[in-house]
Each structure stands twice: as structure tokens, then as C-alpha cells.
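**Student:** Sending over start25.txt (compact mmCIF, C-alpha atoms and all ligand atoms).
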```txt
# COMPACT_ATOMS: atom_id res chain seq x y z
CA MET A 1 -90.13 44.33 -1.61
CA TRP A 2 -92.82 42.30 -3.38
CA ASP A 3 -96.23 43.82 -3.98
CA LEU A 4 -98.30 40.66 -4.31
CA GLU A 5 -101.32 42.40 -5.78
CA LEU A 6 -99.21 43.83 -8.59
CA ARG A 7 -97.50 40.51 -8.99
CA GLN A 8 -100.88 38.90 -9.61
CA GLU A 9 -101.86 41.64 -12.03
CA ALA A 10 -98.59 41.20 -13.88
CA PHE A 11 -99.24 37.49 -14.20
CA LYS A 12 -102.65 38.07 -15.80
CA ILE A 13 -101.12 40.47 -18.30
CA TRP A 14 -98.23 38.15 -19.04
CA ASN A 15 -100.48 35.14 -19.60
CA MET A 16 -102.82 37.04 -21.92
CA ASN A 17 -99.93 38.56 -23.80
CA ARG A 18 -98.35 35.19 -24.29
CA LEU A 19 -101.58 33.82 -25.72
CA LEU A 20 -101.75 36.69 -28.21
CA CYS A 21 -98.18 36.13 -29.32
CA ILE A 22 -98.75 32.41 -29.79
CA HIS A 23 -101.87 33.15 -31.78
CA PHE A 24 -100.03 35.66 -33.95
CA ASP A 25 -97.35 33.07 -34.66
CA ARG A 26 -100.11 30.56 -35.52
CA GLU A 27 -98.94 28.13 -32.90
CA CYS A 28 -102.11 27.81 -30.83
CA ASN A 29 -103.21 24.45 -29.55
CA GLU A 30 -106.91 23.61 -29.40
CA VAL A 31 -107.56 25.11 -25.99
CA GLN A 32 -105.69 28.28 -26.86
CA GLN A 33 -107.65 28.45 -30.12
CA TRP A 34 -110.83 28.29 -28.08
CA TYR A 35 -109.69 31.17 -25.87
CA ILE A 36 -108.81 33.27 -28.91
CA GLN A 37 -112.18 32.54 -30.41
CA GLN A 38 -113.90 33.84 -27.28
CA VAL A 39 -111.76 36.96 -27.39
CA THR A 40 -112.30 37.76 -31.06
CA THR A 41 -116.05 37.16 -31.00
CA GLY A 42 -116.40 39.08 -27.75
CA ARG A 43 -118.34 36.22 -26.19
CA ILE A 44 -116.19 35.39 -23.21
CA VAL A 45 -117.48 32.55 -21.08
CA SER A 46 -114.46 32.28 -18.76
CA SER A 47 -114.23 34.94 -16.05
CA ILE A 48 -110.52 34.23 -15.70
CA LEU A 49 -110.02 35.03 -19.36
CA ARG A 50 -112.11 38.19 -19.05
CA ASN A 51 -109.97 39.42 -16.15
CA GLN A 52 -106.80 38.71 -18.04
CA MET A 53 -108.05 40.55 -21.10
CA GLU A 54 -109.07 43.61 -19.07
CA ALA A 55 -105.69 43.66 -17.34
CA TRP A 56 -103.89 43.40 -20.65
CA LYS A 57 -105.94 46.23 -22.18
CA ASP A 58 -105.21 48.48 -19.22
CA TYR A 59 -101.55 47.69 -19.39
CA ARG A 60 -101.39 48.43 -23.07
CA THR A 61 -103.24 51.74 -22.74
CA ASN A 62 -101.18 52.92 -19.76
CA HIS A 63 -97.84 51.94 -21.10
CA ALA A 64 -98.52 52.99 -24.67
CA ALA A 65 -98.16 56.55 -23.45
CA THR A 66 -94.56 56.01 -22.34
CA MET A 67 -93.41 53.59 -25.01
CA PRO A 68 -93.49 54.67 -28.67
CA LYS A 69 -93.37 51.07 -29.81
CA LEU A 70 -96.60 50.36 -28.01
CA ASN A 71 -98.18 53.47 -29.50
CA LYS A 72 -97.67 51.94 -32.89
CA LEU A 73 -99.35 48.79 -31.65
CA ASN A 74 -102.27 50.88 -30.50
CA GLU A 75 -102.79 52.37 -33.95
CA GLU A 76 -102.48 49.02 -35.64
CA THR A 77 -105.16 47.52 -33.47
CA GLU A 78 -107.63 50.37 -33.77
CA ASP A 79 -110.14 48.29 -35.68
CA VAL A 80 -108.69 44.87 -35.66
CA LYS A 81 -109.64 43.22 -32.41
CA TRP A 82 -106.63 41.03 -31.82
CA VAL A 83 -103.26 40.88 -33.37
CA ASN A 84 -99.81 40.54 -31.97
CA GLY A 85 -99.01 40.69 -28.26
CA ILE A 86 -96.46 43.08 -26.79
CA ARG A 87 -92.90 41.99 -27.55
CA ASN A 88 -89.50 42.92 -26.28
CA MET A 89 -86.40 43.94 -28.24
CA SER A 90 -85.57 40.37 -29.18
CA ASN A 91 -89.10 39.86 -30.53
CA ARG A 92 -90.08 37.55 -27.68
CA PRO A 93 -93.29 38.07 -25.68
CA ILE A 94 -92.55 40.66 -23.00
CA LYS A 95 -91.28 39.00 -19.82
CA LEU A 96 -93.24 38.70 -16.61
CA ARG A 97 -90.52 40.44 -14.63
CA ASP A 98 -90.56 43.41 -17.05
CA ILE A 99 -94.33 43.73 -16.78
CA TYR A 100 -94.07 43.60 -12.99
CA ALA A 101 -91.26 46.14 -12.95
CA ASN A 102 -93.30 48.53 -15.12
CA LEU A 103 -96.30 48.19 -12.83
CA VAL A 104 -94.15 48.83 -9.76
CA ILE A 105 -92.56 51.92 -11.28
CA LYS A 106 -95.99 53.25 -12.22
CA LYS A 107 -97.33 52.75 -8.70
CA TYR A 108 -94.30 53.71 -6.60
CA THR A 109 -92.35 55.79 -9.16
CA SER A 110 -89.28 53.62 -8.51
CA ILE A 111 -88.36 50.02 -7.83
CA ARG A 112 -88.87 49.13 -4.17
CA LEU A 113 -85.68 47.79 -2.64
CA THR A 114 -85.44 45.17 0.06
CA ASP A 115 -82.90 45.78 2.81
CA GLY A 116 -80.55 43.36 1.14
CA GLN A 117 -80.87 45.15 -2.15
CA LYS A 118 -80.09 48.43 -0.41
CA ASN A 119 -76.65 46.98 0.33
CA LEU A 120 -76.06 46.88 -3.39
CA ARG A 121 -76.48 50.64 -3.59
CA TYR A 122 -73.18 51.03 -1.77
CA ASN A 123 -71.51 49.24 -4.63
CA ILE A 124 -70.35 46.34 -2.52
CA ASN A 125 -70.13 42.84 -3.94
CA ILE A 126 -72.50 41.16 -1.49
CA ASN A 127 -71.87 37.62 -2.70
CA GLY A 128 -68.14 38.10 -2.48
CA ILE A 129 -68.20 39.68 0.94
CA PHE A 130 -69.64 36.63 2.71
CA GLN A 131 -66.81 34.49 1.39
CA LYS A 132 -64.31 36.96 2.81
CA ILE A 133 -66.13 37.19 6.13
CA SER A 134 -66.07 33.40 6.48
CA LYS A 135 -62.24 33.58 6.50
CA VAL A 136 -62.08 35.98 9.46
CA ILE A 137 -60.45 34.33 12.48
CA HIS A 138 -61.71 36.66 15.23
CA HIS A 139 -64.83 34.84 16.31
CA LYS A 140 -67.09 37.60 17.61
CA GLY A 141 -65.92 40.04 14.96
CA ARG A 142 -66.75 37.58 12.21
CA ASN A 143 -70.17 37.02 13.74
CA THR A 144 -70.95 40.74 13.96
CA LEU A 145 -69.70 41.54 10.46
CA PHE A 146 -71.70 38.64 9.05
CA ARG A 147 -74.84 39.86 10.78
CA PHE A 148 -74.16 43.40 9.63
CA PHE A 149 -74.14 42.40 5.96
CA ALA A 150 -76.88 39.80 6.38
CA ARG A 151 -78.85 42.49 8.19
CA CYS A 152 -79.76 40.31 11.09
CA LEU A 153 -78.31 42.17 14.09
CA PRO A 154 -80.88 42.06 16.88
CA GLY A 155 -83.01 45.04 17.82
CA ILE A 156 -82.28 47.57 15.08
CA ASN A 157 -84.15 46.41 11.96
CA HIS A 158 -87.32 48.25 12.92
CA GLN A 159 -85.56 51.61 13.42
CA ARG A 160 -86.96 53.66 10.60
CA MET A 161 -87.85 57.07 12.02
CA ASN A 162 -85.57 59.23 14.14
CA CYS A 163 -82.57 57.92 16.01
CA PRO A 164 -83.66 57.14 19.59
CA ILE A 165 -80.28 58.20 21.02
CA ASP A 166 -80.66 61.59 22.72
CA SER A 167 -77.43 63.07 21.47
CA CYS A 168 -78.32 62.23 17.84
CA ARG A 169 -82.04 62.26 16.86
CA GLN A 170 -81.19 62.29 13.15
CA SER A 171 -83.68 60.68 10.79
CA ILE A 172 -82.76 57.13 9.83
CA THR A 173 -83.01 55.82 6.29
CA ASP A 174 -80.93 52.70 6.84
CA PRO A 175 -80.50 51.57 10.47
CA TYR A 176 -77.35 49.55 9.72
CA VAL A 177 -75.49 52.35 8.02
CA HIS A 178 -76.80 54.84 10.56
CA PHE A 179 -75.72 53.06 13.74
CA PHE A 180 -72.31 52.03 12.44
CA PHE A 181 -71.29 55.06 10.39
CA GLN A 182 -73.61 58.06 10.63
CA CYS A 183 -74.99 58.34 14.15
CA ASN A 184 -73.61 61.20 16.21
CA VAL A 185 -72.42 58.60 18.71
CA THR A 186 -70.61 56.67 16.00
CA THR A 187 -69.05 59.56 14.15
CA SER A 188 -67.47 60.76 17.39
CA TYR A 189 -65.36 57.57 17.28
CA ALA A 190 -64.46 57.86 13.60
CA PRO A 191 -61.13 59.72 13.97
CA ALA A 192 -60.02 57.25 16.65
CA ILE A 193 -60.93 54.28 14.43
CA VAL A 194 -59.00 55.66 11.45
CA GLN A 195 -55.99 56.10 13.70
CA ILE A 196 -56.27 52.62 15.23
CA VAL A 197 -56.65 50.87 11.87
CA ASN A 198 -53.75 52.77 10.32
CA HIS A 199 -51.58 52.09 13.35
CA LEU A 200 -52.14 48.33 13.20
CA SER A 201 -52.54 47.63 9.48
CA PHE A 202 -50.39 48.21 6.40
CA LYS A 203 -53.58 48.75 4.44
CA LYS A 204 -54.67 52.28 5.39
CA ILE A 205 -58.06 53.97 5.48
CA HIS A 206 -58.87 57.69 5.22
CA LEU A 207 -62.43 57.62 6.49
CA TRP A 208 -64.60 55.44 8.66
CA ASN A 209 -67.47 54.45 6.33
CA ILE A 210 -69.04 51.35 4.82
CA HIS A 211 -66.32 51.14 2.19
CA ALA A 212 -63.78 50.48 4.93
CA THR A 213 -65.69 47.24 5.59
CA ASP A 214 -65.62 46.12 1.96
CA LEU A 215 -63.32 43.14 2.36
CA THR A 216 -63.78 42.09 -1.28
CA THR A 217 -61.18 44.66 -2.27
CA ILE A 218 -58.56 43.12 0.02
CA ASN A 219 -55.83 40.81 -1.24
CA LYS A 220 -56.64 37.13 -0.65
CA THR A 221 -53.59 36.48 1.52
CA GLU A 222 -53.97 39.58 3.70
CA LYS A 223 -55.18 38.59 7.17
CA VAL A 224 -54.63 41.58 9.43
CA TYR A 225 -57.01 44.04 7.80
CA PRO A 226 -60.12 41.79 7.61
CA ASN A 227 -59.68 40.72 11.23
CA LEU A 228 -58.98 44.25 12.39
CA ILE A 229 -62.11 45.62 10.71
CA SER A 230 -64.17 42.79 12.21
CA ILE A 231 -62.79 43.58 15.66
CA VAL A 232 -63.59 47.28 15.24
CA MET A 233 -67.11 46.50 13.98
CA HIS A 234 -67.72 44.26 16.95
CA GLN A 235 -66.47 46.91 19.38
CA MET A 236 -68.70 49.45 17.64
CA TRP A 237 -71.66 47.12 17.98
CA LYS A 238 -71.00 46.92 21.72
CA ILE A 239 -71.03 50.72 21.90
CA VAL A 240 -74.26 50.89 19.87
CA CYS A 241 -75.89 48.28 22.11
CA TYR A 242 -74.83 50.19 25.20
CA ASN A 243 -76.42 53.37 23.87
CA LEU A 244 -79.59 51.71 22.64
CA PHE A 245 -80.31 49.02 25.19
CA GLU A 246 -78.28 49.46 28.40
CA THR A 247 -80.68 50.25 31.23
CA ASP A 248 -78.02 50.58 33.91
CA LYS A 249 -75.82 53.31 32.47
CA GLU A 250 -75.17 54.66 35.99
CA THR A 251 -73.02 51.74 37.08
CA LYS A 252 -71.98 50.12 33.78
CA PRO A 253 -69.22 51.99 31.95
CA ILE A 254 -69.47 52.65 28.21
CA PRO A 255 -67.36 50.23 26.10
CA GLU A 256 -64.21 51.89 24.88
CA MET A 257 -62.78 52.25 21.41
CA ASN A 258 -59.06 52.59 21.88
CA THR A 259 -55.84 51.25 20.44
CA ALA A 260 -54.98 49.15 23.50
CA ILE A 261 -58.23 47.16 23.39
CA ILE A 262 -58.24 46.64 19.63
CA GLN A 263 -54.54 45.78 19.60
CA LYS A 264 -55.01 43.16 22.31
CA GLU A 265 -57.84 41.53 20.35
CA LEU A 266 -55.71 41.54 17.20
CA ILE A 267 -52.67 40.01 18.90
CA ASP A 268 -54.84 37.33 20.52
CA THR A 269 -56.27 36.55 17.08
CA ILE A 270 -52.81 36.28 15.53
CA ASN A 271 -51.73 33.97 18.36
CA THR A 272 -54.76 31.76 17.82
CA ALA A 273 -53.95 31.50 14.10
CA LYS A 274 -50.30 30.83 14.88
CA TRP A 275 -51.21 28.07 17.34
CA LYS A 276 -53.43 26.46 14.70
CA LEU A 277 -50.66 26.54 12.09
CA LEU A 278 -48.07 25.07 14.45
CA LYS A 279 -50.48 22.29 15.44
CA TYR A 280 -51.05 21.60 11.76
CA LEU A 281 -47.33 21.47 11.01
CA ALA A 282 -46.67 19.15 13.96
CA TYR A 283 -49.38 16.82 12.71
CA GLN A 284 -48.01 16.90 9.14
CA SER A 285 -44.50 16.04 10.28
CA LYS A 286 -45.91 12.96 12.00
CA ILE A 287 -47.57 11.56 8.90
CA LYS A 288 -44.84 12.36 6.38
CA SER A 289 -41.16 13.07 6.71
CA ASN A 290 -40.74 15.88 4.19
CA ASN A 291 -43.00 18.86 4.69
CA ASP A 292 -42.96 22.49 3.66
CA ASP A 293 -42.74 24.10 7.10
CA VAL A 294 -40.53 26.93 5.93
CA LEU A 295 -42.83 27.87 3.08
CA LEU A 296 -46.00 27.71 5.16
CA LYS A 297 -44.41 29.74 7.96
CA SER A 298 -43.24 32.46 5.62
CA VAL A 299 -46.67 32.61 3.91
CA PHE A 300 -48.22 32.88 7.35
CA ASN A 301 -45.88 35.69 8.38
CA ARG A 302 -46.60 37.58 5.19
CA SER A 303 -50.36 37.26 5.73
CA TRP A 304 -50.18 38.51 9.28
CA GLN A 305 -47.76 41.39 8.84
CA THR A 306 -48.57 44.43 10.93
CA PRO A 307 -46.58 47.61 11.48
CA LEU A 308 -46.25 46.38 15.07
CA LYS A 309 -43.60 43.83 14.16
CA PRO A 310 -42.19 41.32 15.35
CA LEU A 311 -43.52 38.61 13.05
CA PRO A 312 -45.76 36.04 14.72
CA ILE A 313 -43.45 33.14 13.96
CA PRO A 314 -39.73 33.90 14.45
CA HIS A 315 -37.36 33.25 11.55
CA ASN A 316 -35.13 30.25 11.92
ZN ZN B 401 -78.14 58.24 15.68
```
As a first step, turn the structure in this file into C-alpha cells.
Ligand SMILES: [Zn+2]
**Tutor:**
Amino acid sequence: MWDLELRQEAFKIWNMNRLLCIHFDRECNEVQQWYIQQVTTGRIVSSILRNQMEAWKDYRTNHAATMPKLNKLNEETEDVKWVNGIRNMSNRPIKLRDIYANLVIKKYTSIRLTDGQKNLRYNININGIFQKISKVIHHKGRNTLFRFFARCLPGINHQRMNCPIDSCRQSITDPYVHFFFQCNVTTSYAPAIVQIVNHLSFKKIHLWNIHATDLTTINKTEKVYPNLISIVMHQMWKIVCYNLFETDKETKPIPEMNTAIIQKELIDTINTAKWKLLKYLAYQSKIKSNNDDVLLKSVFNRSWQTPLKPLPIPHN
């Protein structure tokens, strides 16, 4: 999360530091020479320059304490008014982003993460996952999983205190992880989900957690697992929505998480994919006489293998 005040402060420091480095390397142009002159004589006519110099001095004093290299700089400059600027390991002027990061750590004791960056903490390849999600056939499941990782599911982003669901009330650090994997409501479904997934997919899971949704670890040709996970996530989202938002719990039944429902969604998805492939093959055979039907069908069957058998397209 940006702190714009610190960002501005970091810019002042960076600009001043750059000027000092250029001066030290004797590469100043006329304007820069004029600035340096003001600094060395102590007669500063530009208020912008004065602010930048103050910011740089503060930065040097504060960070000298934690960085031995800067301590040395401090000693060197005891009497001499201006020498070298602060440099990094490769002897370049210290970068703006490093200055900003140091200021943030000083103020907040750690880097502030955005919600998106929090995803990275779970060790999931966020760039890769969206590519995988885009290949999911199950429409609503794909949508929900996309919104889960993009963190744009409606109505839960602001949940930062305690879980509003009566049977839970745990404190929430991350609403997405909480509602899908940690909430008392959710965890009560976890054993059922593990059983459902393992019943329908050759790729097995041991636990229901965010790593089960990490599709980047799945073989490129495997189709059942990504679709199955998307279906489960969508069903879970329906359950979460019911608990959070349903005002008519008396008459509306809670959405179920059971093998029959998930299996039906999976079979429908496979049939949709099969229909698309057969359409494609029919079209191909119209425009050219020799086509690779047999190959494409066997690749398809391999991609959509489930322990349920029979294969979606019969052997011929
Ligand atoms: Zn909860």
C-alpha cells in the first residue's frame, strides 16, 4: 500500500542524493553547479532545494545508525560540507525504491502489503495462475476462481475485523482465505471436499486449503482437476454468500456441498467440452480430407480422465 507522503519524502532524498553523486563524479551541468554552490556556501535561495537538503540530512542521520557504510560516510563528512552521495553496492546512487522501502520500514516496521501482494505470501505464482484459470471450461467456476485470485468477489473485501457469521466470530486477517478455507462454516465442509475431489480426480488432495487451488502445479493437459476445483470453489462461494447475505434463511435452503452436485457439474462440463471438440472435428473434415481425429480424440480422453470412467468419447 503506497504511503504518498513517504513517497514524496523519498523523492526529495533521491533527487538530492543524485545531485551529490553527480557533483562528486564532476559531471554537473551549469544548473546543477549552481545548486551545489548554494549548498556549499550555505546560501540557499531555492526553498525546494532547502527541503531536499533537509530531507537528505535526516535520511543520512537516521539510516547511518543501521548501516555501517553510512556511518563511515558520516565521519568523512564531519567537516567537509558536501562530498559523495549515498551509493548502493554497485556504486550507483541509491535507488528511489530503496529509499522509499527504508522509510516505510522505519515508519511501519515492515513493508505494507497490498491485498494482491498478500497472495504472494502463500507462495502461489499469481501470474501463472490466471493463465490456468482462463483455460477452465466450467463457466461460473472459472468466474469465481478468477475473482478469488483477483480479489474482486463482491461484498467481502471490507471484512477486516471479526467474522460476522454467528457460528464463527474468528478474527479475520485475510477475508478471501478466511471465507474459503478458515471460517468455521467452511472448515465443516473440508472433509467432504477432500472426499469429493479424490473421488472424481486422479490428482488427489490431502487437505482443503489455498494450495489445493494452485493450478500452476497441474500438468498442462490435465482438465478434470482445474475444472473440479473451480466447481468446488463456486459451490463454496454460494455457501459463503448464503451465510453472509441471505436474508430469507427460513424458506431458502442452504446450498449443498455433496458428491452428486459436484459430479453433475463436472459431467456437464465434460460434455460441453466433448461437444465442442466434435463440432471442431466435423468442421475440419469439411475443409480438408485428411484430419487427425483419432489423435485429437485420444488427447481429449487423456485430458478428461476421471476415476468415474467411461471415457467421454468412446474408442472406435
Ligand atoms: Zn468465519
**Student:** Take every atom of region 140-146 of chain A listed in the file, fit an axis-aligned box around them, add 8 Å per side, and give the centre and edge lengths in Å to one decimal as AutoDock Vina command-line options.
**Tutor:**
```
--center_x -68.8 --center_y 39.3 --center_z 13.3 --size_x 21.8 --size_y 20.5 --size_z 24.6
```
**Student:** What does the distance between CA of Ile193 (chain A) and CA of Pro226 (chain A) come to in Å, to one decimal place?
**Tutor:**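 CA of Ile193 (chain A) sits 14.3 Å away from CA of Pro226 (chain A).
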**Student:** Can you tell me which residues come within 9 Å of ligand ZN 401 (chain B) when counting only C-alpha atoms and all ligand atoms, ideally as a ChimeraX atom specification?
**Tutor:** /A:162-172,175,178-179,182-186
**Student:** I'd like the interatomic distance between CA of Thr61 (chain A) and CA of Leu103 (chain A), to a tenth of an Å.
**Tutor:** 12.6 Å
**Student:** List the neighbours of region 36-40 of chain A out to 12 Å using all atoms listed in the file; skip same-chain residues closer than 3 positions along the sequence, and give me the result as a ChimeraX atom specification.
**Tutor:** /A:16-24,26-33,43-47,49-54,79-84
**Student:** Can you work out the spacing between CA of Gly141 (chain A) and CA of Ser230 (chain A) in Å, to one decimal?
**Tutor:** 4.3 Å
**Student:** Could the residues of region 225-278 of chain A that have an atom at most 12 Å from region 291-298 of chain A be listed as a Markdown table, each with its closest atom pair and the distance in Å to one decimal, counting only C-alpha atoms and ordered by chain and ascending residue number?
**Tutor:**
```
| residue | atom | partner | partner_atom | distance |
| --- | --- | --- | --- | --- |
| A:Ala273 | CA | A:Lys297 | CA | 11.5 |
| A:Lys274 | CA | A:Lys297 | CA | 9.2 |
| A:Trp275 | CA | A:Lys297 | CA | 11.7 |
| A:Lys276 | CA | A:Lys297 | CA | 11.7 |
| A:Leu277 | CA | A:Lys297 | CA | 8.1 |
| A:Leu278 | CA | A:Lys297 | CA | 8.8 |
```
**Student:** Got a sec: who's within 7 Å of Ser303 (chain A), counting only C-alpha atoms, leaving out chain neighbours fewer than 3 positions off, as a list of chain:residue names?
**Tutor:** A:Thr221, A:Glu222, A:Lys223, A:Val299, A:Phe300
**Student:** Using all atoms listed in the file, which of A:Tyr100, A:Thr306, A:Val177, A:Lys107 sits nearest Lys203 (chain A)?
**Tutor:**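 Among A:Tyr100, A:Thr306, A:Val177, A:Lys107, it is A:Thr306 that comes nearest to Lys203 (chain A).
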**Student:** When you look at Phe181 (chain A) with a cut-off of 12 Å (counting only C-alpha atoms), what residues show up, excluding the ones that are within fewer than 4 positions of it in the same chain? I need them as a list of chain:residue names.
**Tutor:**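 My list of contacting residues is A:Ile172, A:Asp174, A:Pro175, A:Tyr176, A:Val177, A:Val185, A:Thr186, A:Thr187, A:Ser188, A:Tyr189, A:Ala190, A:Pro191, A:Ile193, A:Leu207, A:Trp208, A:Asn209, A:Ile210, A:His211, A:Ala212, A:Thr213, A:Val232, A:Met233, A:Met236, A:Trp237, A:Val240.
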**Student:** For Met257 (chain A), which of A:Leu4, A:Ala192, A:Asp25, A:Cys152 is the closest residue, counting all atoms listed in the file?
**Tutor:**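 Comparing A:Leu4, A:Ala192, A:Asp25, A:Cys152 against Met257 (chain A), the winner is A:Ala192.
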